[in-house]
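K.L.:
The structure is given below, and queries will be raised subsequently.
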2 protein chains.
Amino acid sequence: MSQAQNRYKADLREFQFVLFEQLKVDELLGKEPFAAWGREEVLATLQMTYRFATEVSGPLNAVGDQQGCRIEDGRVITPEGFKAAWKQLYELGIRALPASPEFGGGGAPKTLTGLVEEMCCGANAAFNMYPGLTFGAAELLEHCATQAQKELLIAKMLDGTWGGTMCLTEPQAGSDVGLAKTTATRNADGTFSIQGTKIYISAGDHDLAENIVHLVLARIEGAPAGTKGLSLFIVPRIRILPDGSLGEFNDVALGSIEHKMGINGSATCVLNFGENGRCVGELVGGVENAGMAQMFRMMNTARIAVGIQGAGIASTAYLNALEYAKERKQGANMTRWKDPTAPRVAIIEHADVRRMLLDMKSRVEGVRMLILKLCHHQDSFEAFKGVDDEKAAYHQGQVELLTPIVKAYGSDQSFRVCETAIQTYGGAGYIKDYPVEQYCRDSKIFSIYEGTNHIQAMDLVGRKLGQNGGRHAMEFFGDLMKFVAENSDHAELGAEVRALGAAAEALQGATMKLQGWFMSGQVSLVPLASTRFLEMMAVTTVSWLLLDAARVALAALPNVAEGHPDRAFYEGKKYAALYYARNVLPSVEATAKVLDGGDTSALDISDAAFATL
Amino acid sequence: MSQAQNRYKADLREFQFVLFEQLKVDELLGKEPFAAWGREEVLATLQMTYRFATEVSGPLNAVGDQQGCRIEDGRVITPEGFKAAWKQLYELGIRALPASPEFGGGGAPKTLTGLVEEMCCGANAAFNMYPGLTFGAAELLEHCATQAQKELLIAKMLDGTWGGTMCLTEPQAGSDVGLAKTTATRNADGTFSIQGTKIYISAGDHDLAENIVHLVLARIEGAPAGTKGLSLFIVPRIRILPDGSLGEFNDVALGSIEHKMGINGSATCVLNFGENGRCVGELVGGVENAGMAQMFRMMNTARIAVGIQGAGIASTAYLNALEYAKERKQGANMTRWKDPTAPRVAIIEHADVRRMLLDMKSRVEGVRMLILKLCHHQDSFEAFKGVDDEKAAYHQGQVELLTPIVKAYGSDQSFRVCETAIQTYGGAGYIKDYPVEQYCRDSKIFSIYEGTNHIQAMDLVGRKLGQNGGRHAMEFFGDLMKFVAENSDHAELGAEVRALGAAAEALQGATMKLQGWFMSGQVSLVPLASTRFLEMMAVTTVSWLLLDAARVALAALPNVAEGHPDRAFYEGKKYAALYYARNVLPSVEATAKVLDGGDTSALDISDAAFATL
C-alpha cells in the first residue's frame with residue numbers, strides 16, 4: 001500500500017457534461033465579457049488544471065498532512081514541495097483566471113473557474129488555502145480599493161509574488177465579528193497605526209511569497225460599536241514602497257500556529273499586529289467604517305469557495321472509494337453468500353456498497369451542479385450587466401440566494417460523503433495508506449469557517465428569502481415550478497419530477513411558516529428551524545438539478561452508439577437522479593412536517609437540565 | 001488553552017437514574033447470581049471507576065493521540081503513562097468485574113459493568129483497547145476452553161499479568177473471514193504448528209504485560225473451505241509452561257503497525273505467525289472446526305463493547321461541548337441580535353446551540369439506555385437461568401436481537417454526536433487544544449470493526465428477526481406495544497407515545513416487507529434496505545426508552561423539593577424524550593415510506609455508469 005493510492009481523481013467527462021450539455025455555456029462564450037473564451041480554451045484550461053492537480057499539488061496532499069507546518073525563526077515553513085507547487089501554479093496562470101484582465105487576470109467565466117477551483121481544492125485543500133486566500137484578497141481590492149492601491153497590489157497578488165489574507169477573527173470575536181478590538185490610530189500622513197491580535201488566520205504566514213498583504217478589520221478611535229464601526233486596512237507584512245519595492249518590516253508578528261484535525265499543510269496563525277507600535281495600515285478605498293461591507297465581498301466569494309472545497313474533496317473521496325470497490329475482492333454474490341466455494345467478487349457487486357456508491361455519486365454530482373448553477377448565474381449576471389438590467393438583477397438575486405446554500409450544503413455533504421467513503425473502504429478507510437481518512441479530517445472545517453453553517457442558514461432565512469421584497473425567492477420557486485410543470489409527464493422521470501413538485505410545495509409551506517414566525521413575534525423559533533430549512537431547500541434544489549441533468553442525458557442517449565462510453569455516462573446521470581429523488585428528497589416533506597410541529601423543547605429546557613456537572 | 005480542557009466527563013447522577021430508577025436493578029441485586037452486589041457496592045464501583053477515568057486514563061487520552069505507538073527492537077512501545085495506568089487498572093480490579101468469580105472475577109451485573117466500560121472507553125478509548133481485548137479473550141476461554149486451559153490462563157488475564165487478542169483478519173479476509181489462509185498443522189504431541197499473517201490486530205503487541213495470549217483462527221489441513229473449516233487456537237507470544245511460567249519465544253513476530261485516523265494509542269498490528277516454523281498453538285477446548293462459533297462468543301461481547309465505546313465517547317463529547325457552551329460568550333440574545341451594545345451571552349443561550357446540545361443529549365442518553373436495556377436482559381437471563389427457563393429464553397432472545405442494534409447505532413451515533421460537538425465549539429472544535437476533534441477521529445473506527453455496520457444490519461434482518469421462528473422480534477414488539485398502550489394517555493407524554501406507536505407500526509410494516517422479499521425471491525432487495533431498517537428499529541427503540549425514562553422522571557418530580565438539583569435533572573429527562581420523539585422519531589415513518597418504494601436504482605446501474613475513470 002503506497003502513496004500511489006493517495007491519488008487525486010476527477011471525471012473530466014462529467015465536467016464537460018455540466019458545462020456544455022446541461023448548462024450550455026457555449027451560449028455565453030465567445031462574446032463579451034467572455035469574448036476571449038471559446039470551448040477550446042475552456043477544455044484546455046480544464047486539462048491543464050487536471051494535470052496540475054493530479055501531477056503537482058495532488059501528490060503533495062498526504063505529504064502536507066504528515067509534515068504539517070512548523071515555525072522556524074518566527075516564520076512558517078510550509079511542507080516540502082509547496083514552494084515548487086506555488087511557483088508552478090502561478091506560472092500556469094491558474095490563479096489569475098477569474099480576475100479581470102485589467103490587472104493581469106484571465107477574465108474567465110465562473111462556470112469554468114468553479115471547476116478549476118474544484119480540482120485545486122480536491123487535489124490539495126491545504127495547499128490551495130494559500131493561493132485561495134490570496135485571490136480572495138486581490139478580488140476584494142479589485143472591487144473596493146483606490147486606483148493607486150489596485151495598481152500597487154493586485155498584479156503581484158495575481159502572479160504569486162505576494163500572498164494575501166483576511167484577518168477578522170479575534171479571541172473574543174469569532175462569529176461575533178463586531179466584538180473586534182483591534183484598533184487603528186490615525187497618523188499624520190493619513191495612514192493608521194494598527195494594534196491587536198487576530199487568530200485563526202489561514203495562510204497568515206508562510207514561505208511561498210516574498211510578502212503577504214493582510215486585509216485587517218480594525219476599529220478607528222471613536223468609531224461606533226459593533227460591525228458598523230469596523231474599517232478594513234491593507235497591512236502588508238513588509239512595507240511596500242510607492243514604487244512597489246519592499247521596505248522595512250511592518251511589525252506583523254507570527255504568534256503561533258494551531259494544531260488541527262486536518263488541513264495540516266495550511267498554516268492557521270495567530271498574528272500580532274503592532275506589538276512594537278510600528279504596524280502601518282492603509283484604509284481600503286480610503287473609506288472609514290465600511291470594513292464589513294468590503295469584507296463581505298471577499299466573504300461571499302470565500303463562502304462559495306468553501307462549497308467548492310466541499311465538492312472537490314467529496315468528489316475525489318467518492319472516486320477513490322469507487323476505484324477501491326472495483327478492485328477489492330471480498331465475499332460472494334448475495335445469492336451464493338453462504339457457499340464458501342462460490343467465486344469472490346469485487347465489493348462493488350454487493351448491494352450495500354452499490355447503495356453507498358450511488359449515494360455518494362448523487363450527492364457529489366448534485367452539489368457540483370448546485371455550485372455550477374450559482375456560477376452560471378454569476379456569468380449570466382456579467383453578460384447581462386449594462387445590457388439587460390432586469391435579467392442581470394434576476395441572476396444576481398439567484399447568486400445571493402444560493403450562496404449560503406452552496407456553502408452550508410456543500411460543506412456538510414462533503415463530510416457525509418467522506419464518512420461514506422471510509423465505510424466503503426472498511427478497515428482500509430481508517431488507515432493513512434488510503435486517502436479518505438485525510439479527506440474526512442480536512443473537510444470538517446468547511447462547516448465552520450467563513451461563517452458557520454448556522455450563520456449561513458440565518459443569512460438564508462433572515463436575509464436572502466426576504467431580499468428585494470422576496471423577489472429572489474419567488475423567482476427561484478418560479479424556475480423550479482416551471483421545471484416541474486414541463487417535466488412531470490416525462491416518460492422515465494415523471495414520477496420523480498412530481499415528487500420534486502410535492503417537495504417544492506412543502507418547502508414553500510415551510511417558507512411561509514418561517515415568515516409567519518417573523519411576523520407574529522415568534523422570532524425565537526426561526527433559528528431553531530433555520531439549519532434544517534436550509535437543508536430542505538438544498539435537497540430540493542439538488543434534486544431538481546439532478547433531474548434536469550438526467551433529462552438532458554436521456555435526451556442525448558438515443559444518439560449514442562452502442563458500446564460508446566457515453567451510454568454508461570448518461571445512464572449514470574439517470575440513476576443518480578432517480579436515487580436521490582427516491583431516497584434523499586423525501587426528507588424534505590418529512591422535515592417540513594417536523595418543523596410544522598413547532599417543537600420548542602430546546603428553548604423550554606433550562607440550562608441546568610442538560611446535565612449534572 | 002491547556003491540556004486541562006482535554007478532560008473526561010461523566011454524569012454520575014444519570015448513571016444512578018438509569019440503574020436504580022429506570023431499570024430498578026435493585027430487584028436483581030443481593031441475590032444469586034449477584035448476591036455479593038448491593039446498591040452500595042454498585043455505587044462504590046462507579047465512583048472508583050469515575051476516579052480512574054478522570055484522574056488516570058482520561059488525562060492520557062491526548063497524550064496517547066499525540067505520541068501514538070512506536071516500534072523498538074521489534075516490540076510495540078505504548079505511549080507514556082499507559083504502563084502505569086494498566087497497572088492501576090488491574091490493581092483496582094476493574095477489568096475482572098464482569099468475569100466469573102471462579103477465576104478471580106467479580107461476578108458483577110452487566111448493568112454495572114456496562115457503565116464501568118462506558119467510562120473506561122470514554123476516558124481513553126485507545127488505552128482501553130488493551131484491557132478490553134484481554135478481557136474478551138479471557139471471557140471466550142471461560143466459555144470454550146478446557147478446564148486445564150482455563151486454569152492455566154484466565155486468572156493471569158484477569159489480573160493484568162498477560163494480555164490477550166483476537167486474530168481473525170488477513171489481507172484477503174476482512175468481512176469475509178472464511179477466506180482465512182492461516183494454517184494449523186498437527187504436531188505429534190497434539191499441539192499445532194501455526195503459520196500465517198494476521199492484520200488489523202488491535203493490541204497485537206505492547207509493553208504492558210509480560211505475555212500476550214493470542215486467539216488465532218486457522219485452518220487445519222484438510223478442513224472444509226469457508227468458516228466451517230476454521231478452528232481457534234491459543235497462541236501465546238511466549239510459550240507458557242504447564243506450571244504457568246514462561247518458556248521460549250513462540251515465533252509470533254510483529255510485522256508493522258498501522259498509522260490511523262484515530263485511536264493512535266492503540267497498536268493495530270500486522271502479526272506473522274510461524275515465520276520460522278516454530279509457532280505452537282493449542283486448540284481452544286480441544287475441538288476442531290468450531291472456531292467461528294467460539295469466536296462469535298467473543299465477538300458478541302465485543303460488538304456490545306463497540307456500542308459502549310460509542311456511548312462513552314459520545315457522552316464525554318457532549319458534556320465537553322455543554323461546558324464550552326456555558327462558558328464561551330459570543331453574540332447577543334436573538335431579540336437584540338443587531339444591537340452592538342447588547343450584553344454578550346454564553347452561546348448556550350442561542351437557539352441553534354441549544355438545539356445541538358439537546359440533540360446530543362437525547363442521542364447520548366438514548367444510546368446509553370439502549371445498551372443498558374441489553375445489559376439488563378443479560379443480567380435477567382443470568383438470574384432466571386435454571387430457575388425459569390421460559391423467562392431466561394425471553395431475555396436471551398432480546399440480547400440477541402439488540403446486539404447488532406447496539407453495535408451499529410451506538411457507533412454511528414457516536415460519530416454523529418462528535419460531529420455536532422465540534423460544530424458546537426466552532427473553530428475551537430477543530431483544533432487539538434480541545435478534546436472533541438480527537439473524539440471524532442477515534443470514534444470513526446467503531447462503525448467498521450467487529451463487523452461493519454452493514455454486517456450488523458444483515459445479522460439483524462437475515463438472522464435475528466427470524467430467530468426462533470421470529471419469537472424474539474414478536475416479544476420485542478409485544479413489549480413496545482405494551483408500553484404504548486399503557487402510556488398513550490400520559491398527561492405530558494401522550495402525544496409522543498402515540499407517535500411512537502405509529503413508528504412501531506411503520507417498523508412492523510417494514511419487517512413484513514423484508515420478510516416478503518425473502519420469501520418472494522427478491523432477496524437482493526434485502527441488503528439494499530437492511531442498513532436503514534436497522535436504524536429505524538434503533539430509533540424506535542431509543543425513543544421508547546427515552547419516553548420510558550421521562551415517564552419515570554415525571555413520576556418522581558412532584559416529590560422533589562424546589563431548588564433540589566433533581567428537579568432540573570428530571571426536567572432534562574422529559575425534554576430529551578420530547579425532543580427525540582418530535583425531531584428524530586419521524587424519520588422512522590419517512591424511511592418506511594422510502595423502503596416501501598423498493599427503489600432498485602443502486603442495483604440497476606451498471607458498474608461503468610458510476611464514473612468515467
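Chain labels follow the order of the C-alpha cells: the first chain is A, the next B, and so on; residue numbering restarts at 1 in every chain, and ligands are counted from 1 in their shown order.
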Please provide as JSON, numbers by chain all residues within 8 Å of Ala473 (chain B), with the sequence filter that same-chain residues fewer than 6 positions apart are discarded (counting only C-alpha atoms).

P.N.:
{"B": [401, 464, 465, 466]}

K.L.:
List as a PyMOL selection string the protein and nucleic acid residues near region 233-245 of chain B, meaning an atom at most 10 Å away when only C-alpha atoms are counted, but skip any in the same chain fewer than 2 places from it.

P.N.:
chain B and resi 137+141+145+148-149+151-153+156+162-167+184+191-194+204-205+210-219+230-231+247-253+273+279-288+291

K.L.:
May I ask for the distance between CA of Lys9 (chain A) and CA of Leu613 (chain B), given in Å to one decimal place?

P.N.:
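Answer for the CA of Lys9 (chain A) to CA of Leu613 (chain B) separation: 8.3 Å.
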
K.L.:
For region 346-349 of chain B, please output as number ranges by chain all residues within 8 Å (counting only C-alpha atoms; exclusion window: fewer than 5 positions along the same chain).

P.N.:
A: 607; B: 322, 325-331, 333, 354

K.L.:
Could you write out the selected residues, including N, CA and C atoms, as a PDB file, in the first residue's frame?

P.N.:
ATOM      1  N   ASP A 607     -31.012  25.582  31.425  1.00  0.00           N
ATOM      2  CA  ASP A 607     -29.588  25.270  31.268  1.00  0.00           C
ATOM      3  C   ASP A 607     -29.157  24.147  32.210  1.00  0.00           C
TER       4      ASP A 607
ATOM      5  N   LEU B 322     -21.084  20.906  26.096  1.00  0.00           N
ATOM      6  CA  LEU B 322     -22.004  21.600  27.009  1.00  0.00           C
ATOM      7  C   LEU B 322     -21.253  22.586  27.890  1.00  0.00           C
ATOM      8  N   ALA B 325     -20.174  25.501  25.866  1.00  0.00           N
ATOM      9  CA  ALA B 325     -21.318  26.362  25.506  1.00  0.00           C
ATOM     10  C   ALA B 325     -21.760  27.237  26.668  1.00  0.00           C
ATOM     11  N   LYS B 326     -21.504  26.759  27.871  1.00  0.00           N
ATOM     12  CA  LYS B 326     -21.862  27.560  29.046  1.00  0.00           C
ATOM     13  C   LYS B 326     -20.833  28.646  29.323  1.00  0.00           C
ATOM     14  N   GLU B 327     -19.599  28.414  28.848  1.00  0.00           N
ATOM     15  CA  GLU B 327     -18.513  29.350  29.165  1.00  0.00           C
ATOM     16  C   GLU B 327     -18.242  30.371  28.068  1.00  0.00           C
ATOM     17  N   ARG B 328     -18.373  29.924  26.836  1.00  0.00           N
ATOM     18  CA  ARG B 328     -17.990  30.768  25.700  1.00  0.00           C
ATOM     19  C   ARG B 328     -19.055  31.842  25.454  1.00  0.00           C
ATOM     20  N   LYS B 329     -18.641  33.086  25.505  1.00  0.00           N
ATOM     21  CA  LYS B 329     -19.569  34.196  25.246  1.00  0.00           C
ATOM     22  C   LYS B 329     -19.401  34.675  23.813  1.00  0.00           C
ATOM     23  N   GLN B 330     -20.499  34.805  23.116  1.00  0.00           N
ATOM     24  CA  GLN B 330     -20.450  35.238  21.720  1.00  0.00           C
ATOM     25  C   GLN B 330     -21.863  35.605  21.276  1.00  0.00           C
ATOM     26  N   GLY B 331     -22.024  36.799  20.760  1.00  0.00           N
ATOM     27  CA  GLY B 331     -23.327  37.221  20.259  1.00  0.00           C
ATOM     28  C   GLY B 331     -24.273  37.662  21.363  1.00  0.00           C
ATOM     29  N   ASN B 333     -28.415  38.125  22.704  1.00  0.00           N
ATOM     30  CA  ASN B 333     -29.671  37.391  22.632  1.00  0.00           C
ATOM     31  C   ASN B 333     -30.362  37.685  21.302  1.00  0.00           C
ATOM     32  N   ARG B 354     -28.573  25.433  21.541  1.00  0.00           N
ATOM     33  CA  ARG B 354     -29.437  24.628  22.418  1.00  0.00           C
ATOM     34  C   ARG B 354     -29.977  23.412  21.678  1.00  0.00           C
TER      35      ARG B 354
END

K.L.:
Which residues come within 8 Å of region 568-573 of chain A, counting only C-alpha atoms, excluding same-chain residues fewer than 6 positions away, as a VMD selection string?

P.N.:
(chain A and resid 546 549 to 550 553 to 554 556 to 557) or (chain B and resid 605 to 606 608 to 612)

K.L.:
Can you list every residue in region 85-281 of chain B that DSSP puts in alpha helix (DSSP H), as a ChimeraX atom specification?

P.N.:
/B:85-91,110-123,125-144,147-158

K.L.:
Based on the selection just made, write C-alpha atoms of those residues as a PDB file, in the first residue's frame.

P.N.:
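Here's the written file again_6.pdb:
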ATOM      1  CA  ALA B  85      -2.447   3.135  34.015  1.00  0.00           C
ATOM      2  CA  TRP B  86      -2.564  -0.569  33.119  1.00  0.00           C
ATOM      3  CA  LYS B  87      -1.055  -1.447  36.483  1.00  0.00           C
ATOM      4  CA  GLN B  88      -3.503   0.712  38.380  1.00  0.00           C
ATOM      5  CA  LEU B  89      -6.497  -0.536  36.407  1.00  0.00           C
ATOM      6  CA  TYR B  90      -5.714  -4.117  37.356  1.00  0.00           C
ATOM      7  CA  GLU B  91      -4.839  -3.269  40.940  1.00  0.00           C
ATOM      8  CA  LYS B 110     -23.672  -6.306  33.304  1.00  0.00           C
ATOM      9  CA  THR B 111     -25.819  -3.260  34.012  1.00  0.00           C
ATOM     10  CA  LEU B 112     -22.994  -2.085  36.259  1.00  0.00           C
ATOM     11  CA  THR B 113     -20.096  -3.219  34.124  1.00  0.00           C
ATOM     12  CA  GLY B 114     -21.714  -1.660  31.063  1.00  0.00           C
ATOM     13  CA  LEU B 115     -21.411   1.735  32.744  1.00  0.00           C
ATOM     14  CA  VAL B 116     -17.926   0.930  34.029  1.00  0.00           C
ATOM     15  CA  GLU B 117     -16.924   0.075  30.473  1.00  0.00           C
ATOM     16  CA  GLU B 118     -18.556   3.265  29.216  1.00  0.00           C
ATOM     17  CA  MET B 119     -16.342   5.335  31.493  1.00  0.00           C
ATOM     18  CA  CYS B 120     -13.198   3.388  30.564  1.00  0.00           C
ATOM     19  CA  CYS B 121     -13.917   3.790  26.854  1.00  0.00           C
ATOM     20  CA  GLY B 122     -14.977   7.401  27.076  1.00  0.00           C
ATOM     21  CA  ALA B 123     -11.926   8.405  29.079  1.00  0.00           C
ATOM     22  CA  ALA B 125     -10.730   4.539  24.017  1.00  0.00           C
ATOM     23  CA  ALA B 126      -7.253   3.761  22.703  1.00  0.00           C
ATOM     24  CA  PHE B 127      -5.841   2.690  26.072  1.00  0.00           C
ATOM     25  CA  ASN B 128      -8.920   0.671  26.863  1.00  0.00           C
ATOM     26  CA  MET B 129      -8.397  -1.470  23.768  1.00  0.00           C
ATOM     27  CA  TYR B 130      -5.574  -3.366  25.533  1.00  0.00           C
ATOM     28  CA  PRO B 131      -7.518  -4.459  28.617  1.00  0.00           C
ATOM     29  CA  GLY B 132     -10.726  -4.704  26.576  1.00  0.00           C
ATOM     30  CA  LEU B 133      -9.332  -7.242  24.143  1.00  0.00           C
ATOM     31  CA  THR B 134      -7.671  -9.077  27.002  1.00  0.00           C
ATOM     32  CA  PHE B 135     -10.969  -9.400  28.821  1.00  0.00           C
ATOM     33  CA  GLY B 136     -12.749 -10.538  25.680  1.00  0.00           C
ATOM     34  CA  ALA B 137     -10.194 -13.273  25.139  1.00  0.00           C
ATOM     35  CA  ALA B 138     -10.430 -14.359  28.789  1.00  0.00           C
ATOM     36  CA  GLU B 139     -14.210 -14.475  28.593  1.00  0.00           C
ATOM     37  CA  LEU B 140     -14.075 -16.636  25.498  1.00  0.00           C
ATOM     38  CA  LEU B 141     -11.753 -19.045  27.261  1.00  0.00           C
ATOM     39  CA  GLU B 142     -14.056 -19.114  30.266  1.00  0.00           C
ATOM     40  CA  HIS B 143     -16.816 -20.395  27.984  1.00  0.00           C
ATOM     41  CA  CYS B 144     -14.962 -22.526  25.454  1.00  0.00           C
ATOM     42  CA  GLN B 147     -10.569 -26.893  32.357  1.00  0.00           C
ATOM     43  CA  ALA B 148      -6.778 -27.113  32.133  1.00  0.00           C
ATOM     44  CA  GLN B 149      -6.617 -24.209  29.697  1.00  0.00           C
ATOM     45  CA  LYS B 150      -8.883 -22.147  31.922  1.00  0.00           C
ATOM     46  CA  GLU B 151      -6.790 -22.797  34.982  1.00  0.00           C
ATOM     47  CA  LEU B 152      -3.599 -22.008  33.178  1.00  0.00           C
ATOM     48  CA  LEU B 153      -4.705 -18.788  31.502  1.00  0.00           C
ATOM     49  CA  ILE B 154      -7.731 -16.952  32.815  1.00  0.00           C
ATOM     50  CA  ALA B 155      -6.607 -15.689  36.215  1.00  0.00           C
ATOM     51  CA  LYS B 156      -3.485 -14.109  34.740  1.00  0.00           C
ATOM     52  CA  MET B 157      -5.528 -12.473  32.009  1.00  0.00           C
ATOM     53  CA  LEU B 158      -7.895 -11.018  34.587  1.00  0.00           C
TER      54      LEU B 158
END

K.L.:
Should the cut-off be 7 Å, what would the residue list for chain A against chain B look like, counting only C-alpha atoms, as a compact mmCIF listing (two decimals) with C-alpha atoms, in the first residue's frame?

P.N.:
# COMPACT_ATOMS: atom_id res chain seq x y z
CA ASP A 11 -14.02 12.84 -14.06
CA ARG A 13 -16.30 13.81 -18.93
CA ASP A 176 -19.49 37.79 16.62
CA ALA A 225 -19.50 49.85 18.47
CA GLY A 226 -20.29 46.65 16.60
CA GLU A 258 -2.74 25.85 15.54
CA HIS A 259 -2.57 22.08 15.61
CA LYS A 260 -5.68 20.90 13.89
CA MET A 261 -7.80 17.93 12.94
CA GLN A 330 -14.44 -9.86 -0.68
CA GLY A 331 -17.45 -12.12 -0.27
CA MET A 334 -25.62 -12.38 -2.38
CA PRO A 340 -17.52 -20.94 0.53
CA ALA A 351 -25.85 -4.19 -2.80
CA ASP A 352 -24.96 -2.06 0.22
CA ARG A 354 -23.53 -0.06 -4.56
CA ARG A 355 -26.01 1.88 -2.46
CA LEU A 358 -24.69 5.74 -5.73
CA GLN A 423 -17.21 2.99 5.26
CA GLY A 426 -13.87 -0.71 5.52
CA GLY A 427 -10.80 -1.02 7.76
CA TYR A 430 -9.34 4.21 8.59
CA ILE A 431 -5.62 3.95 7.84
CA LYS A 432 -3.36 6.53 6.31
CA GLU A 437 -9.46 9.47 6.24
CA ILE A 445 -13.56 22.67 8.95
CA ILE A 448 -17.28 26.10 10.46
CA TYR A 449 -15.13 28.72 8.76
CA SER A 524 -37.02 32.80 18.53
CA PRO A 527 -33.02 29.96 14.45
CA LEU A 528 -34.33 26.67 15.81
CA ALA A 568 -22.83 4.38 -19.46
CA PHE A 569 -22.19 8.00 -18.60
CA GLU A 571 -27.18 6.08 -17.72
CA GLY A 572 -25.27 7.15 -14.61
CA TYR A 575 -29.68 6.69 -11.83
CA LEU A 578 -33.60 8.57 -9.53
CA TYR A 579 -31.67 7.51 -6.45
CA ARG A 582 -36.35 8.39 -4.20
CA ASN A 583 -34.04 8.21 -1.21
CA ALA A 590 -40.61 14.78 6.45
CA VAL A 594 -41.26 18.20 11.85
CA ASP A 599 -41.20 21.86 18.79
CA SER A 601 -38.15 21.70 23.69
CA ALA A 602 -34.65 23.10 23.08
CA LEU A 603 -35.87 26.52 24.19
CA ILE A 605 -35.32 23.19 28.76
CA ALA A 608 -29.24 23.20 34.42
CA ALA A 609 -31.32 20.38 32.95
CA PHE A 610 -28.80 19.49 30.26
CA ALA A 611 -26.60 17.58 32.69
CA THR A 612 -25.46 17.37 36.28
CA LEU A 613 -21.96 18.75 36.03
